[in-house]
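S.K.: Before I ask anything, here is the structure I am working with.
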Amino acid sequence: MTKFSTPSIIVILIVSCMHAISAFSSSRLHRSASASLRLINNPTVTMSNLEEIAKSSDGQDKGKKVINVLCLHGKGNCGSTFQKMLAPLEESLNSSTSSGGTFNFDYLTAPFRMDAEADSDERMQWWTLPPGIRSFNAKKYEGFEASKELVNNALHEKDYQFIFGHSQGAILTSALLTMKESDNIFTPKSNKNENATLLGFILNGNAWPNPYSENLENRQHQNEEEEISKSEEGHIHSEYESRSPQVLFVVGESDKINPPEGALRVRDAMERGGLQVNTCHHPGGHAVPIEDDKALQEMVDWIKNII
């Protein structure tokens, strides 16, 4: 039997303790990393299972809900470039102590290249137009259905609370909002997500979606007919109807690409059609006014006030 001196025993005990601590730390690190990888690799994470991931990573419920925002870029951009543009908005929302949750922004990329022969997907568009034609005077958006399907698929995969559309992405959103209920992908019935909690739309640099003029112009008439019908039938409003999504129009007074009157025309038509609208005016141009502290704070406050 080997005999150890007292100093030797102390050294052995210290080494054993160090090994135990190291093993425990590695185990904790592995569990945390596993939870993070599940989040990164799962494109269909929802509000409920995201909270479960948070619980399993450290054994505690942080008690914060996840607020999902789907972002649709403008013509000539893509999801990654739009993400860089909106970074200050993301940061402002997530740094707010009164937001009541964590904001997760997802960025779709349009399906059509500006240059069909280009190898890069950085300059993209939601539809194509003949030379010299703009979205506000076009007779048709070639490829619109493909873009509609792309957005619809995103709504199938995750429960989004907000849609942020810029320029052509805002026009796309406006056109989709004009659809009848049976074709409107933003309603729970249409996107087959009965638990959808879509709260609002932010539309920056918007313009009149000309091929869908009739839909927009008829919204007021359709809304009046629906209200009369519901009244006559003693209709009981559903939870979705009683909290229908709101729309914030962000309008640059110096916008030379999509002049302000186009966005205001869309706003007025939607308001006549029964949607609750608000307007954020700023002195800038076409870009999202993330460098305008007043406008940025107005967008943040609008979002926080309806969640």
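Within each chain, counting starts at residue 1; across the structure tokens, chains are named A, B, ... in the order shown, with ligands numbered 1 upward in that order.
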Could you go through region 85-225 of chain A and tell me which residues DSSP, when run on the backbone, assigns to strand (DSSP E or B), listing them as number ranges by chain?

M.R.: A: 101-108, 112-113, 124-125, 128, 142, 162-166, 200-204

S.K.: Determine which residues of region 76-135 of chain A DSSP labels as alpha helix (DSSP H) from the backbone of this structure, then write them out as a PyMOL selection string.

M.R.: chain A and resi 79-95

S.K.: So that I have them on file, write out the residues from the current selection with C-alpha atoms, as a short mmCIF file (atom, residue, chain, number, x, y, z; two decimals), in the first residue's frame.

M.R.:
data_model
loop_
_atom_site.label_atom_id
_atom_site.label_comp_id
_atom_site.auth_asym_id
_atom_site.auth_seq_id
_atom_site.Cartn_x
_atom_site.Cartn_y
_atom_site.Cartn_z
CA GLY A 79 -32.43 41.12 -46.88
CA SER A 80 -28.87 41.54 -45.60
CA THR A 81 -28.48 45.15 -46.76
CA PHE A 82 -31.87 46.05 -45.32
CA GLN A 83 -30.82 44.49 -42.04
CA LYS A 84 -27.91 46.92 -41.85
CA MET A 85 -30.27 49.83 -42.55
CA LEU A 86 -32.69 48.90 -39.78
CA ALA A 87 -30.01 48.04 -37.19
CA PRO A 88 -30.62 51.28 -35.19
CA LEU A 89 -34.35 50.50 -34.98
CA GLU A 90 -33.65 46.96 -33.76
CA GLU A 91 -31.19 48.29 -31.21
CA SER A 92 -33.59 50.97 -29.97
CA LEU A 93 -36.43 48.50 -29.50
CA ASN A 94 -34.31 45.88 -27.74
CA SER A 95 -32.59 48.39 -25.49
#

S.K.: What's the 9 Å shell around region 268-282 of chain A, counting only C-alpha atoms, without same-chain residues fewer than 5 positions away, as a ChimeraX atom specification?

M.R.: /A:174,177-178,216-224,244-254,263,289,292,294-295,298-299,302

S.K.: Output the selection as a short mmCIF file (atom, residue, chain, number, x, y, z; two decimals), in the first residue's frame - N, CA and C atoms for each residue.

M.R.:
data_model
loop_
_atom_site.label_atom_id
_atom_site.label_comp_id
_atom_site.auth_asym_id
_atom_site.auth_seq_id
_atom_site.Cartn_x
_atom_site.Cartn_y
_atom_site.Cartn_z
N SER A 174 -48.89 47.10 -49.23
CA SER A 174 -50.13 47.82 -49.48
C SER A 174 -51.03 47.06 -50.44
N LEU A 177 -52.58 44.18 -48.74
CA LEU A 177 -53.61 44.61 -47.80
C LEU A 177 -54.93 44.94 -48.49
N THR A 178 -54.90 45.20 -49.80
CA THR A 178 -56.12 45.54 -50.51
C THR A 178 -56.94 44.32 -50.89
N LEU A 216 -58.07 49.24 -53.82
CA LEU A 216 -57.94 50.30 -52.82
C LEU A 216 -59.13 51.24 -52.84
N GLU A 217 -59.56 51.63 -54.04
CA GLU A 217 -60.66 52.57 -54.15
C GLU A 217 -61.99 51.97 -53.71
N ASN A 218 -62.08 50.65 -53.80
CA ASN A 218 -63.33 49.99 -53.39
C ASN A 218 -63.35 49.61 -51.92
N ARG A 219 -62.25 49.83 -51.22
CA ARG A 219 -62.19 49.41 -49.81
C ARG A 219 -63.27 50.10 -48.98
N GLN A 220 -63.50 51.38 -49.23
CA GLN A 220 -64.50 52.10 -48.45
C GLN A 220 -65.88 51.50 -48.67
N HIS A 221 -66.23 51.24 -49.94
CA HIS A 221 -67.54 50.68 -50.26
C HIS A 221 -67.70 49.29 -49.64
N GLN A 222 -66.63 48.47 -49.76
CA GLN A 222 -66.68 47.12 -49.19
C GLN A 222 -66.82 47.18 -47.68
N ASN A 223 -66.09 48.10 -47.05
CA ASN A 223 -66.15 48.22 -45.60
C ASN A 223 -67.55 48.62 -45.13
N GLU A 224 -68.18 49.56 -45.85
CA GLU A 224 -69.52 49.99 -45.48
C GLU A 224 -70.52 48.84 -45.63
N SER A 244 -57.92 44.69 -34.94
CA SER A 244 -57.38 44.60 -36.28
C SER A 244 -56.06 45.36 -36.36
N PRO A 245 -55.16 44.93 -37.24
CA PRO A 245 -53.84 45.56 -37.33
C PRO A 245 -53.91 47.04 -37.64
N GLN A 246 -52.96 47.79 -37.11
CA GLN A 246 -52.84 49.22 -37.38
C GLN A 246 -51.73 49.44 -38.40
N VAL A 247 -51.75 50.62 -39.03
CA VAL A 247 -50.76 50.92 -40.06
C VAL A 247 -50.11 52.26 -39.75
N LEU A 248 -48.78 52.27 -39.73
CA LEU A 248 -48.02 53.51 -39.56
C LEU A 248 -47.35 53.86 -40.88
N PHE A 249 -47.68 55.02 -41.43
CA PHE A 249 -47.05 55.52 -42.65
C PHE A 249 -45.91 56.45 -42.26
N VAL A 250 -44.71 56.11 -42.70
CA VAL A 250 -43.53 56.95 -42.44
C VAL A 250 -43.26 57.72 -43.73
N VAL A 251 -43.42 59.04 -43.66
CA VAL A 251 -43.43 59.87 -44.87
C VAL A 251 -42.34 60.93 -44.81
N GLY A 252 -41.43 60.88 -45.77
CA GLY A 252 -40.38 61.89 -45.88
C GLY A 252 -40.85 63.05 -46.75
N GLU A 253 -40.86 64.23 -46.18
CA GLU A 253 -41.37 65.39 -46.92
C GLU A 253 -40.50 65.73 -48.13
N SER A 254 -39.25 65.26 -48.15
CA SER A 254 -38.35 65.54 -49.27
C SER A 254 -38.13 64.31 -50.15
N ALA A 263 -47.96 58.24 -50.83
CA ALA A 263 -48.14 57.54 -49.55
C ALA A 263 -49.41 58.02 -48.84
N PRO A 289 -35.89 56.78 -41.87
CA PRO A 289 -35.24 57.87 -41.11
C PRO A 289 -34.62 57.42 -39.79
N ASP A 292 -32.70 60.15 -37.93
CA ASP A 292 -33.52 61.23 -37.39
C ASP A 292 -34.03 60.76 -36.02
N LYS A 294 -35.90 62.01 -33.73
CA LYS A 294 -37.32 62.23 -33.46
C LYS A 294 -38.18 61.19 -34.18
N ALA A 295 -37.91 60.97 -35.47
CA ALA A 295 -38.68 60.01 -36.25
C ALA A 295 -38.44 58.58 -35.74
N GLU A 298 -40.35 58.06 -32.65
CA GLU A 298 -41.78 57.97 -32.96
C GLU A 298 -42.16 56.57 -33.43
N MET A 299 -41.30 55.96 -34.24
CA MET A 299 -41.56 54.59 -34.68
C MET A 299 -41.50 53.62 -33.51
N TRP A 302 -44.59 54.04 -31.32
CA TRP A 302 -45.79 53.49 -31.96
C TRP A 302 -45.85 51.98 -31.80
#

S.K.: Using only C-alpha atoms for the distances, tell me which of A:Glu149, A:Ser213, A:Gly284, A:Leu70 is nearest to Phe105 (chain A).

M.R.: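 Closest residue, counting only C-alpha atoms: A:Leu70.
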
S.K.: Would you mind listing what lies within 10 Å of Ser135 (chain A) as a VMD selection string, with only C-alpha atoms counted and same-chain residues fewer than 2 positions away left out?

M.R.: chain A and resid 127 to 129 133 137 to 141 167 to 168 171 to 172 207 to 211 258

S.K.: One decimal, Å: what's the distance from CA of Asn153 (chain A) over to CA of Gln125 (chain A), could you say?

M.R.: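 Computing it gives 17.7 Å between the two atoms.
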